[in-house]
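Source file: my_file37.txt; contents: compact mmCIF, N, CA and C atoms and all ligand atoms.
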```
# COMPACT_ATOMS: atom_id res chain seq x y z
N MET A 254 -55.62 -87.33 133.23
CA MET A 254 -56.33 -86.08 132.98
C MET A 254 -57.00 -85.62 134.27
N THR A 255 -56.72 -84.42 134.60
CA THR A 255 -57.33 -83.85 135.80
C THR A 255 -57.75 -82.42 135.53
N ILE A 256 -58.99 -82.14 135.85
CA ILE A 256 -59.46 -80.77 135.72
C ILE A 256 -59.80 -80.23 137.10
N ASP A 257 -59.22 -79.09 137.41
CA ASP A 257 -59.51 -78.42 138.67
C ASP A 257 -60.62 -77.40 138.42
N THR A 258 -61.78 -77.65 139.01
CA THR A 258 -62.93 -76.78 138.77
C THR A 258 -63.22 -75.88 139.98
N SER A 259 -62.28 -75.81 140.89
CA SER A 259 -62.54 -75.10 142.15
C SER A 259 -62.45 -73.58 142.02
N GLY A 260 -61.68 -73.11 141.03
CA GLY A 260 -61.46 -71.67 140.92
C GLY A 260 -62.43 -71.00 139.97
N LYS A 261 -62.09 -69.79 139.59
CA LYS A 261 -62.92 -69.01 138.68
C LYS A 261 -62.98 -69.67 137.30
N TRP A 262 -61.82 -70.20 136.85
CA TRP A 262 -61.76 -70.87 135.56
C TRP A 262 -61.43 -72.34 135.79
N TRP A 263 -61.86 -73.19 134.87
CA TRP A 263 -61.45 -74.59 134.90
C TRP A 263 -60.00 -74.66 134.44
N VAL A 264 -59.21 -75.46 135.14
CA VAL A 264 -57.79 -75.59 134.81
C VAL A 264 -57.47 -77.05 134.51
N GLY A 265 -56.91 -77.31 133.33
CA GLY A 265 -56.58 -78.68 132.92
C GLY A 265 -55.10 -78.95 133.09
N SER A 266 -54.78 -80.17 133.51
CA SER A 266 -53.38 -80.52 133.75
C SER A 266 -52.66 -80.91 132.47
N GLU A 267 -53.39 -81.25 131.42
CA GLU A 267 -52.74 -81.63 130.17
C GLU A 267 -53.64 -81.29 128.98
N PRO A 268 -53.04 -81.28 127.77
CA PRO A 268 -53.81 -80.86 126.57
C PRO A 268 -55.12 -81.62 126.38
N ALA A 269 -55.11 -82.92 126.64
CA ALA A 269 -56.30 -83.73 126.37
C ALA A 269 -57.51 -83.31 127.22
N ASP A 270 -57.28 -82.53 128.25
CA ASP A 270 -58.40 -82.07 129.09
C ASP A 270 -59.36 -81.15 128.33
N VAL A 271 -58.94 -80.64 127.20
CA VAL A 271 -59.83 -79.80 126.39
C VAL A 271 -61.09 -80.58 126.01
N GLU A 272 -60.94 -81.89 125.80
CA GLU A 272 -62.09 -82.70 125.40
C GLU A 272 -63.17 -82.70 126.49
N GLU A 273 -62.77 -82.95 127.72
CA GLU A 273 -63.75 -82.98 128.81
C GLU A 273 -64.39 -81.61 128.98
N TYR A 274 -63.58 -80.59 128.80
CA TYR A 274 -64.12 -79.24 128.94
C TYR A 274 -65.20 -78.98 127.89
N LEU A 275 -64.91 -79.30 126.63
CA LEU A 275 -65.88 -79.02 125.56
C LEU A 275 -67.15 -79.85 125.75
N LYS A 276 -66.99 -81.08 126.24
CA LYS A 276 -68.16 -81.94 126.45
C LYS A 276 -69.06 -81.38 127.55
N ALA A 277 -68.44 -80.76 128.53
CA ALA A 277 -69.23 -80.14 129.60
C ALA A 277 -69.81 -78.80 129.16
N PHE A 278 -69.04 -78.09 128.34
CA PHE A 278 -69.44 -76.75 127.89
C PHE A 278 -70.63 -76.81 126.93
N LYS A 279 -70.63 -77.79 126.04
CA LYS A 279 -71.73 -78.00 125.08
C LYS A 279 -72.15 -76.71 124.40
N ALA A 280 -71.33 -76.21 123.51
CA ALA A 280 -71.65 -74.98 122.80
C ALA A 280 -73.03 -75.05 122.18
N GLU A 281 -73.83 -74.03 122.43
CA GLU A 281 -75.21 -73.95 121.91
C GLU A 281 -76.05 -75.16 122.29
N GLY A 282 -75.62 -75.89 123.32
CA GLY A 282 -76.39 -77.03 123.79
C GLY A 282 -76.16 -78.32 123.02
N TYR A 283 -75.22 -78.30 122.05
CA TYR A 283 -74.97 -79.49 121.25
C TYR A 283 -73.94 -80.39 121.91
N ASP A 284 -74.22 -81.69 121.95
CA ASP A 284 -73.25 -82.65 122.46
C ASP A 284 -72.02 -82.68 121.56
N VAL A 285 -70.89 -82.92 122.18
CA VAL A 285 -69.66 -83.14 121.42
C VAL A 285 -69.53 -84.64 121.18
N ASP A 286 -69.70 -85.06 119.92
CA ASP A 286 -69.66 -86.48 119.59
C ASP A 286 -68.26 -86.95 119.23
N ARG A 287 -67.47 -86.07 118.66
CA ARG A 287 -66.10 -86.41 118.29
C ARG A 287 -65.20 -85.29 118.78
N PHE A 288 -63.99 -85.66 119.07
CA PHE A 288 -63.02 -84.66 119.53
C PHE A 288 -61.67 -84.97 118.91
N LYS A 289 -60.96 -83.92 118.57
CA LYS A 289 -59.58 -84.13 118.09
C LYS A 289 -58.71 -82.99 118.57
N LEU A 290 -57.57 -83.40 119.10
CA LEU A 290 -56.59 -82.43 119.58
C LEU A 290 -55.67 -82.04 118.43
N ALA A 291 -55.43 -80.75 118.31
CA ALA A 291 -54.56 -80.29 117.22
C ALA A 291 -53.10 -80.63 117.54
N ARG A 292 -52.45 -81.22 116.56
CA ARG A 292 -51.03 -81.51 116.69
C ARG A 292 -50.37 -81.16 115.37
N CYS A 293 -49.37 -80.32 115.44
CA CYS A 293 -48.68 -79.89 114.22
C CYS A 293 -47.91 -81.06 113.62
N GLN A 294 -47.59 -80.92 112.33
CA GLN A 294 -46.78 -81.95 111.68
C GLN A 294 -45.41 -82.08 112.34
N CYS A 295 -44.98 -81.01 113.04
CA CYS A 295 -43.69 -81.06 113.76
C CYS A 295 -43.87 -81.65 115.15
N LYS A 296 -45.10 -82.09 115.46
CA LYS A 296 -45.46 -82.75 116.72
C LYS A 296 -45.77 -81.78 117.88
N ALA A 297 -45.60 -80.50 117.65
CA ALA A 297 -45.89 -79.54 118.71
C ALA A 297 -47.40 -79.46 118.95
N GLU A 298 -47.78 -79.11 120.17
CA GLU A 298 -49.21 -79.00 120.51
C GLU A 298 -49.54 -77.62 121.07
N SER A 299 -48.68 -76.66 120.78
CA SER A 299 -48.89 -75.31 121.29
C SER A 299 -49.03 -74.35 120.10
N PHE A 300 -50.08 -73.55 120.14
CA PHE A 300 -50.40 -72.73 118.96
C PHE A 300 -50.80 -71.30 119.33
N HIS A 301 -50.65 -70.42 118.36
CA HIS A 301 -51.34 -69.15 118.38
C HIS A 301 -52.65 -69.39 117.65
N LEU A 302 -53.73 -68.78 118.14
CA LEU A 302 -55.03 -69.03 117.53
C LEU A 302 -55.68 -67.70 117.16
N ALA A 303 -56.03 -67.58 115.89
CA ALA A 303 -56.72 -66.38 115.41
C ALA A 303 -58.12 -66.78 114.99
N ILE A 304 -59.10 -65.97 115.37
CA ILE A 304 -60.46 -66.28 114.97
C ILE A 304 -61.07 -65.12 114.19
N ASP A 305 -62.00 -65.49 113.33
CA ASP A 305 -62.82 -64.51 112.61
C ASP A 305 -64.25 -64.70 113.12
N ASP A 306 -64.62 -63.84 114.04
CA ASP A 306 -65.91 -63.95 114.70
C ASP A 306 -67.08 -63.62 113.78
N ASP A 307 -66.81 -62.82 112.77
CA ASP A 307 -67.88 -62.44 111.84
C ASP A 307 -68.27 -63.61 110.94
N GLU A 308 -67.27 -64.34 110.47
CA GLU A 308 -67.53 -65.44 109.53
C GLU A 308 -67.70 -66.78 110.24
N GLY A 309 -67.15 -66.90 111.44
CA GLY A 309 -67.13 -68.20 112.10
C GLY A 309 -66.02 -69.05 111.54
N ALA A 310 -64.78 -68.73 111.91
CA ALA A 310 -63.64 -69.44 111.36
C ALA A 310 -62.45 -69.27 112.30
N ALA A 311 -61.52 -70.22 112.24
CA ALA A 311 -60.36 -70.16 113.12
C ALA A 311 -59.12 -70.70 112.42
N ARG A 312 -57.99 -70.08 112.71
CA ARG A 312 -56.71 -70.49 112.13
C ARG A 312 -55.69 -70.62 113.25
N ARG A 313 -54.99 -71.72 113.24
CA ARG A 313 -53.97 -71.92 114.27
C ARG A 313 -52.58 -71.85 113.63
N THR A 314 -51.65 -71.31 114.38
CA THR A 314 -50.28 -71.21 113.91
C THR A 314 -49.37 -71.84 114.95
N CYS A 315 -48.58 -72.80 114.53
CA CYS A 315 -47.72 -73.54 115.45
C CYS A 315 -46.69 -72.60 116.08
N SER A 316 -46.58 -72.68 117.40
CA SER A 316 -45.65 -71.78 118.08
C SER A 316 -44.20 -72.24 117.92
N ALA A 317 -44.00 -73.47 117.47
CA ALA A 317 -42.64 -73.99 117.30
C ALA A 317 -42.12 -73.76 115.88
N CYS A 318 -42.92 -74.11 114.86
CA CYS A 318 -42.40 -74.06 113.48
C CYS A 318 -43.13 -73.05 112.61
N GLY A 319 -44.23 -72.47 113.09
CA GLY A 319 -44.92 -71.44 112.32
C GLY A 319 -45.90 -71.95 111.28
N ALA A 320 -46.06 -73.26 111.18
CA ALA A 320 -47.01 -73.81 110.20
C ALA A 320 -48.44 -73.39 110.56
N GLU A 321 -49.22 -73.04 109.54
CA GLU A 321 -50.59 -72.60 109.76
C GLU A 321 -51.57 -73.68 109.35
N GLY A 322 -52.70 -73.71 110.03
CA GLY A 322 -53.75 -74.64 109.64
C GLY A 322 -55.11 -74.04 109.92
N PHE A 323 -56.05 -74.28 109.00
CA PHE A 323 -57.42 -73.82 109.21
C PHE A 323 -58.23 -74.95 109.82
N ILE A 324 -59.10 -74.61 110.75
CA ILE A 324 -59.88 -75.61 111.45
C ILE A 324 -61.21 -75.84 110.72
N GLY A 325 -61.50 -77.12 110.46
CA GLY A 325 -62.74 -77.49 109.80
C GLY A 325 -62.85 -76.82 108.43
N ASP A 326 -63.94 -76.07 108.24
CA ASP A 326 -64.17 -75.41 106.96
C ASP A 326 -63.65 -73.96 106.94
N SER A 327 -62.80 -73.62 107.91
CA SER A 327 -62.36 -72.23 108.04
C SER A 327 -61.60 -71.69 106.83
N GLY A 328 -60.92 -72.57 106.12
CA GLY A 328 -60.16 -72.13 104.96
C GLY A 328 -61.03 -71.42 103.93
N LYS A 329 -62.30 -71.81 103.89
CA LYS A 329 -63.23 -71.22 102.91
C LYS A 329 -63.74 -69.87 103.37
N TYR A 330 -63.76 -69.64 104.69
CA TYR A 330 -64.47 -68.48 105.21
C TYR A 330 -63.61 -67.43 105.90
N PHE A 331 -62.43 -67.83 106.34
CA PHE A 331 -61.62 -66.90 107.14
C PHE A 331 -61.30 -65.65 106.31
N ALA A 332 -61.69 -64.48 106.83
CA ALA A 332 -61.43 -63.23 106.11
C ALA A 332 -60.49 -62.32 106.91
N ASN A 333 -60.90 -62.00 108.13
CA ASN A 333 -60.11 -61.11 108.96
C ASN A 333 -59.99 -61.65 110.38
N THR A 334 -58.85 -61.43 110.98
CA THR A 334 -58.70 -61.79 112.39
C THR A 334 -59.44 -60.77 113.24
N THR A 335 -60.49 -61.21 113.92
CA THR A 335 -61.20 -60.29 114.80
C THR A 335 -60.69 -60.40 116.23
N GLN A 336 -60.05 -61.54 116.54
CA GLN A 336 -59.52 -61.74 117.89
C GLN A 336 -58.42 -62.79 117.85
N SER A 337 -57.40 -62.60 118.67
CA SER A 337 -56.35 -63.61 118.80
C SER A 337 -56.36 -64.13 120.22
N TYR A 338 -55.98 -65.40 120.35
CA TYR A 338 -56.00 -66.00 121.68
C TYR A 338 -55.06 -65.28 122.64
N GLU A 339 -55.58 -64.99 123.83
CA GLU A 339 -54.76 -64.54 124.94
C GLU A 339 -55.40 -65.09 126.21
N CYS A 340 -54.59 -65.73 127.03
CA CYS A 340 -55.14 -66.35 128.25
C CYS A 340 -55.78 -65.29 129.14
N VAL A 341 -56.98 -65.60 129.63
CA VAL A 341 -57.69 -64.67 130.51
C VAL A 341 -57.00 -64.52 131.86
N GLU A 342 -56.18 -65.51 132.19
CA GLU A 342 -55.57 -65.53 133.52
C GLU A 342 -54.14 -64.98 133.50
N CYS A 343 -53.29 -65.57 132.64
CA CYS A 343 -51.85 -65.23 132.69
C CYS A 343 -51.39 -64.46 131.45
N HIS A 344 -52.30 -64.24 130.50
CA HIS A 344 -52.02 -63.47 129.28
C HIS A 344 -51.03 -64.13 128.34
N SER A 345 -50.83 -65.42 128.51
CA SER A 345 -50.03 -66.18 127.54
C SER A 345 -50.70 -66.10 126.17
N LEU A 346 -49.90 -66.12 125.12
CA LEU A 346 -50.45 -66.02 123.76
C LEU A 346 -50.49 -67.37 123.05
N THR A 347 -50.11 -68.43 123.75
CA THR A 347 -50.14 -69.75 123.11
C THR A 347 -50.98 -70.71 123.92
N CYS A 348 -51.58 -71.66 123.19
CA CYS A 348 -52.50 -72.60 123.83
C CYS A 348 -52.51 -73.92 123.10
N ASN A 349 -53.01 -74.95 123.78
CA ASN A 349 -53.36 -76.20 123.12
C ASN A 349 -54.73 -75.96 122.50
N VAL A 350 -54.97 -76.60 121.37
CA VAL A 350 -56.23 -76.41 120.66
C VAL A 350 -56.88 -77.77 120.45
N GLY A 351 -58.14 -77.87 120.80
CA GLY A 351 -58.88 -79.11 120.56
C GLY A 351 -60.23 -78.76 119.96
N VAL A 352 -60.70 -79.60 119.05
CA VAL A 352 -61.94 -79.28 118.36
C VAL A 352 -63.00 -80.32 118.67
N GLY A 353 -64.18 -79.84 119.06
CA GLY A 353 -65.30 -80.73 119.30
C GLY A 353 -66.27 -80.65 118.14
N PHE A 354 -66.72 -81.83 117.70
CA PHE A 354 -67.66 -81.88 116.58
C PHE A 354 -68.98 -82.47 117.08
N SER A 355 -70.07 -81.81 116.74
CA SER A 355 -71.37 -82.38 116.99
C SER A 355 -71.91 -82.89 115.66
N LEU A 356 -72.33 -84.14 115.65
CA LEU A 356 -72.77 -84.77 114.40
C LEU A 356 -74.29 -84.83 114.32
N TYR A 357 -74.82 -84.84 113.09
CA TYR A 357 -76.26 -85.00 112.92
C TYR A 357 -76.70 -86.37 113.42
N GLU A 358 -75.90 -87.38 113.08
CA GLU A 358 -76.18 -88.72 113.57
C GLU A 358 -74.88 -89.37 113.97
N LEU A 359 -74.94 -90.14 115.04
CA LEU A 359 -73.70 -90.69 115.60
C LEU A 359 -72.99 -91.65 114.65
N ASN A 360 -73.75 -92.28 113.75
CA ASN A 360 -73.13 -93.30 112.91
C ASN A 360 -72.65 -92.76 111.56
N ASN A 361 -72.69 -91.45 111.39
CA ASN A 361 -72.06 -90.94 110.18
C ASN A 361 -71.13 -89.79 110.54
N THR A 362 -70.66 -89.08 109.56
CA THR A 362 -69.65 -88.06 109.84
C THR A 362 -70.10 -86.67 109.42
N ASP A 363 -71.43 -86.49 109.29
CA ASP A 363 -71.93 -85.18 108.87
C ASP A 363 -71.94 -84.23 110.08
N VAL A 364 -71.07 -83.22 110.01
CA VAL A 364 -70.89 -82.34 111.16
C VAL A 364 -71.94 -81.23 111.17
N ARG A 365 -72.54 -81.03 112.35
CA ARG A 365 -73.58 -80.02 112.52
C ARG A 365 -73.02 -78.76 113.17
N TRP A 366 -72.20 -78.97 114.18
CA TRP A 366 -71.69 -77.85 114.93
C TRP A 366 -70.24 -78.13 115.32
N LEU A 367 -69.46 -77.07 115.38
CA LEU A 367 -68.05 -77.22 115.70
C LEU A 367 -67.69 -76.23 116.80
N SER A 368 -66.92 -76.68 117.78
CA SER A 368 -66.46 -75.76 118.82
C SER A 368 -64.95 -75.90 119.00
N VAL A 369 -64.30 -74.76 119.17
CA VAL A 369 -62.85 -74.74 119.27
C VAL A 369 -62.46 -74.47 120.73
N GLY A 370 -61.92 -75.51 121.37
CA GLY A 370 -61.51 -75.40 122.76
C GLY A 370 -60.03 -75.08 122.88
N VAL A 371 -59.69 -74.42 123.97
CA VAL A 371 -58.30 -74.05 124.18
C VAL A 371 -57.88 -74.38 125.62
N ARG A 372 -56.59 -74.62 125.78
CA ARG A 372 -56.00 -74.77 127.11
C ARG A 372 -54.70 -73.98 127.11
N CYS A 373 -54.58 -73.04 128.03
CA CYS A 373 -53.39 -72.20 128.09
C CYS A 373 -52.14 -73.06 128.26
N SER A 374 -51.15 -72.80 127.42
CA SER A 374 -49.90 -73.57 127.48
C SER A 374 -49.16 -73.35 128.79
N GLN A 375 -49.38 -72.22 129.41
CA GLN A 375 -48.63 -71.91 130.63
C GLN A 375 -49.37 -72.28 131.90
N CYS A 376 -50.63 -71.85 132.03
CA CYS A 376 -51.31 -72.05 133.32
C CYS A 376 -52.45 -73.06 133.25
N GLY A 377 -52.81 -73.54 132.05
CA GLY A 377 -53.79 -74.61 131.93
C GLY A 377 -55.24 -74.20 131.94
N VAL A 378 -55.54 -72.90 131.99
CA VAL A 378 -56.93 -72.46 131.98
C VAL A 378 -57.61 -72.89 130.68
N LEU A 379 -58.81 -73.47 130.83
CA LEU A 379 -59.55 -74.00 129.69
C LEU A 379 -60.61 -73.02 129.23
N GLY A 380 -60.94 -73.08 127.96
CA GLY A 380 -61.99 -72.21 127.45
C GLY A 380 -62.45 -72.66 126.08
N CYS A 381 -63.53 -72.02 125.62
CA CYS A 381 -64.00 -72.24 124.25
C CYS A 381 -63.89 -70.91 123.55
N MET A 382 -63.05 -70.87 122.52
CA MET A 382 -62.73 -69.60 121.88
C MET A 382 -63.83 -69.17 120.91
N ILE A 383 -64.39 -70.14 120.22
CA ILE A 383 -65.41 -69.84 119.20
C ILE A 383 -66.12 -71.13 118.84
N ASP A 384 -67.36 -71.01 118.37
CA ASP A 384 -68.06 -72.17 117.85
C ASP A 384 -68.96 -71.70 116.73
N TRP A 385 -69.28 -72.60 115.83
CA TRP A 385 -70.13 -72.18 114.72
C TRP A 385 -70.89 -73.34 114.11
N LYS A 386 -71.96 -72.99 113.41
CA LYS A 386 -72.74 -73.99 112.68
C LYS A 386 -72.02 -74.32 111.39
N VAL A 387 -71.95 -75.60 111.10
CA VAL A 387 -71.24 -76.05 109.91
C VAL A 387 -72.23 -76.35 108.80
N GLY A 388 -71.94 -75.83 107.62
CA GLY A 388 -72.71 -76.21 106.44
C GLY A 388 -71.80 -77.05 105.56
N GLY A 389 -72.28 -78.15 105.04
CA GLY A 389 -71.44 -78.98 104.18
C GLY A 389 -70.29 -79.60 104.93
N GLY A 390 -70.59 -80.08 106.14
CA GLY A 390 -69.54 -80.64 106.96
C GLY A 390 -69.33 -82.12 106.76
N ASN A 391 -69.69 -82.61 105.60
CA ASN A 391 -69.60 -84.05 105.36
C ASN A 391 -68.45 -84.42 104.43
N ASP A 392 -67.46 -83.53 104.31
CA ASP A 392 -66.26 -83.87 103.56
C ASP A 392 -65.57 -85.03 104.26
N PRO A 393 -64.98 -85.93 103.50
CA PRO A 393 -64.36 -87.12 104.12
C PRO A 393 -63.33 -86.78 105.20
N ASP A 394 -62.57 -85.72 104.98
CA ASP A 394 -61.50 -85.44 105.95
C ASP A 394 -61.82 -84.27 106.88
N PHE A 395 -63.11 -83.90 106.94
CA PHE A 395 -63.48 -82.75 107.75
C PHE A 395 -63.04 -82.91 109.21
N LEU A 396 -63.23 -84.12 109.73
CA LEU A 396 -62.93 -84.36 111.14
C LEU A 396 -61.43 -84.37 111.43
N GLU A 397 -60.63 -84.38 110.37
CA GLU A 397 -59.18 -84.37 110.55
C GLU A 397 -58.61 -82.95 110.56
N ARG A 398 -59.40 -82.00 110.10
CA ARG A 398 -58.87 -80.63 109.95
C ARG A 398 -58.98 -79.85 111.26
N VAL A 399 -58.05 -80.14 112.13
CA VAL A 399 -58.04 -79.41 113.40
C VAL A 399 -56.67 -78.79 113.61
ZN ZN B 1 -45.06 -77.03 114.10
ZN ZN B 2 -52.71 -68.87 131.19
```

Please express what this file holds, its structure, as structure tokens.
Amino acid sequence: MTIDTSGKWWVGSEPADVEEYLKAFKAEGYDVDRFKLARCQCKAESFHLAIDDDEGAARRTCSACGAEGFIGDSGKYFANTTQSYECVECHSLTCNVGVGFSLYELNNTDVRWLSVGVRCSQCGVLGCMIDWKVGGGNDPDFLERV
């Protein structure tokens, strides 16, 4: 894993670099205690990402097979796409997606805050597309829904 921080944007050499980015970014000042990289059931790691900025929700669509998935509790809240991922640098429409979870306590799984990190599939520019406060984030499989 290598992140180039010399330019205007941080650039990651591989998908897993999203984790380091989110840990440094610390959305709303919250530490990222857990991280999970999105991987489709078809094994692809490149997605289109739609967010609902009004509700605080995100949906990813696999660029290989078209399968959709809601991140965290987004399935309950996603209403309208207010923005779709587009790379700030090369305008690619697909990205790797990684989710950072901030927990209330390190030894349990109650999620307090969630941040959705992205890495451009083409040029590697890293970013945080959206983050939100989680209510009822203690579902057993919450940390798996990325
Ligand atoms: Zn797929
Ligand atoms: Zn790009």

- Message: Can you work out which residues are within 6 Å of ligand ZN 1 (chain B), considering all atoms listed in the file, and then hand them over as a ChimeraX atom specification?
- Response: /A:293-297,315-320

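Proximity to Ala310 in chain A was assessed for A:Leu359, A:Leu346, A:Gly351, A:Asp384 counting all atoms listed in the file; the smallest distance is recorded for A:Asp384.
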
- Message: List the spatial neighbours of Val369 in chain A as a ChimeraX atom specification - criterion: any atom at most 6 Å away, all atoms listed in the file, same-chain residues fewer than 5 positions off excluded.
- Response: /A:351-353,380-384

- For ligand ZN 2 (chain B), collect every residue having any atom at a distance of at most 8 Å from a ligand atom (counting all atoms listed in the file); output as a VMD selection string. chain A and resid 339 to 347 372 to 379

- Smallest atom-to-atom distance to Val399 in chain A: which of A:Ala280, A:Val285, A:Val371, A:Ile324, using only C-alpha atoms? A:Ile324

- Item | Among the residues A:Glu358, A:Asp270, A:Glu397, A:Asp306, the one that comes closest to Ile256 in chain A [using only C-alpha atoms] | A:Asp270

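Between Leu302 in chain A and the candidates A:Thr314, A:Ser266, A:Asn360, A:Ser355, the tightest atom-to-atom separation, counting all atoms listed in the file, involves A:Thr314.
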
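As for atom N of Gly265 in chain A and CA of Phe331 in chain A, they are spaced 28.6 Å apart.
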
Give, as AutoDock Vina command-line options, the centre coordinates and the x, y and z edge lengths in Å to one decimal for an axis-aligned box around all listed atoms of range 336-339 of chain A, padded by 4 Å on each side.
```
--center_x -57.4 --center_y -63.8 --center_z 121.4 --size_x 13.3 --size_y 12.5 --size_z 17.7
```

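Atom to atom, atom C of Asp326 in chain A and CA of Lys276 in chain A stand 21.6 Å apart.
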
- Task: Could you tell me, as a ChimeraX atom specification, which residues of range 275-364 of chain A DSSP assigns to strand (DSSP E or B) when given the backbone?
- Result: /A:287-290,300-305,310-315,321-323,336-337,348-356,364

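Counting only N, CA and C atoms and comparing A:Arg365, A:Gly325, A:Asn349, A:Trp262, the residue that lies closest to Leu290 in chain A is A:Asn349.
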
- How far is it from atom N of Ala332 in chain A to CA of Tyr283 in chain A, in Å with one decimal? 24.7 Å

- Message: When you look at Trp366 in chain A with a cut-off of 6 Å (counting only C-alpha atoms), what residues show up, excluding the ones that are within fewer than 5 positions of it in the same chain? I need them as a PyMOL selection string.
- Response: chain A and resi 354-355+385-387

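Using only N, CA and C atoms, the smallest distance between any of A:Val350, A:Ile304, A:Gly370, A:Arg398 and Leu275 in chain A comes from A:Gly370.
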
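Within chain A, DSSP run on the backbone puts these residues in helix (DSSP H, G or I): Asp270, Val271, Glu272, Glu273, Tyr274, Leu275, Lys276, Ala277, Phe278, Ala280, Glu281, Gly282, Ser327, Gly328, Lys329, Tyr330, Phe395, Leu396 and Glu397 of chain A.
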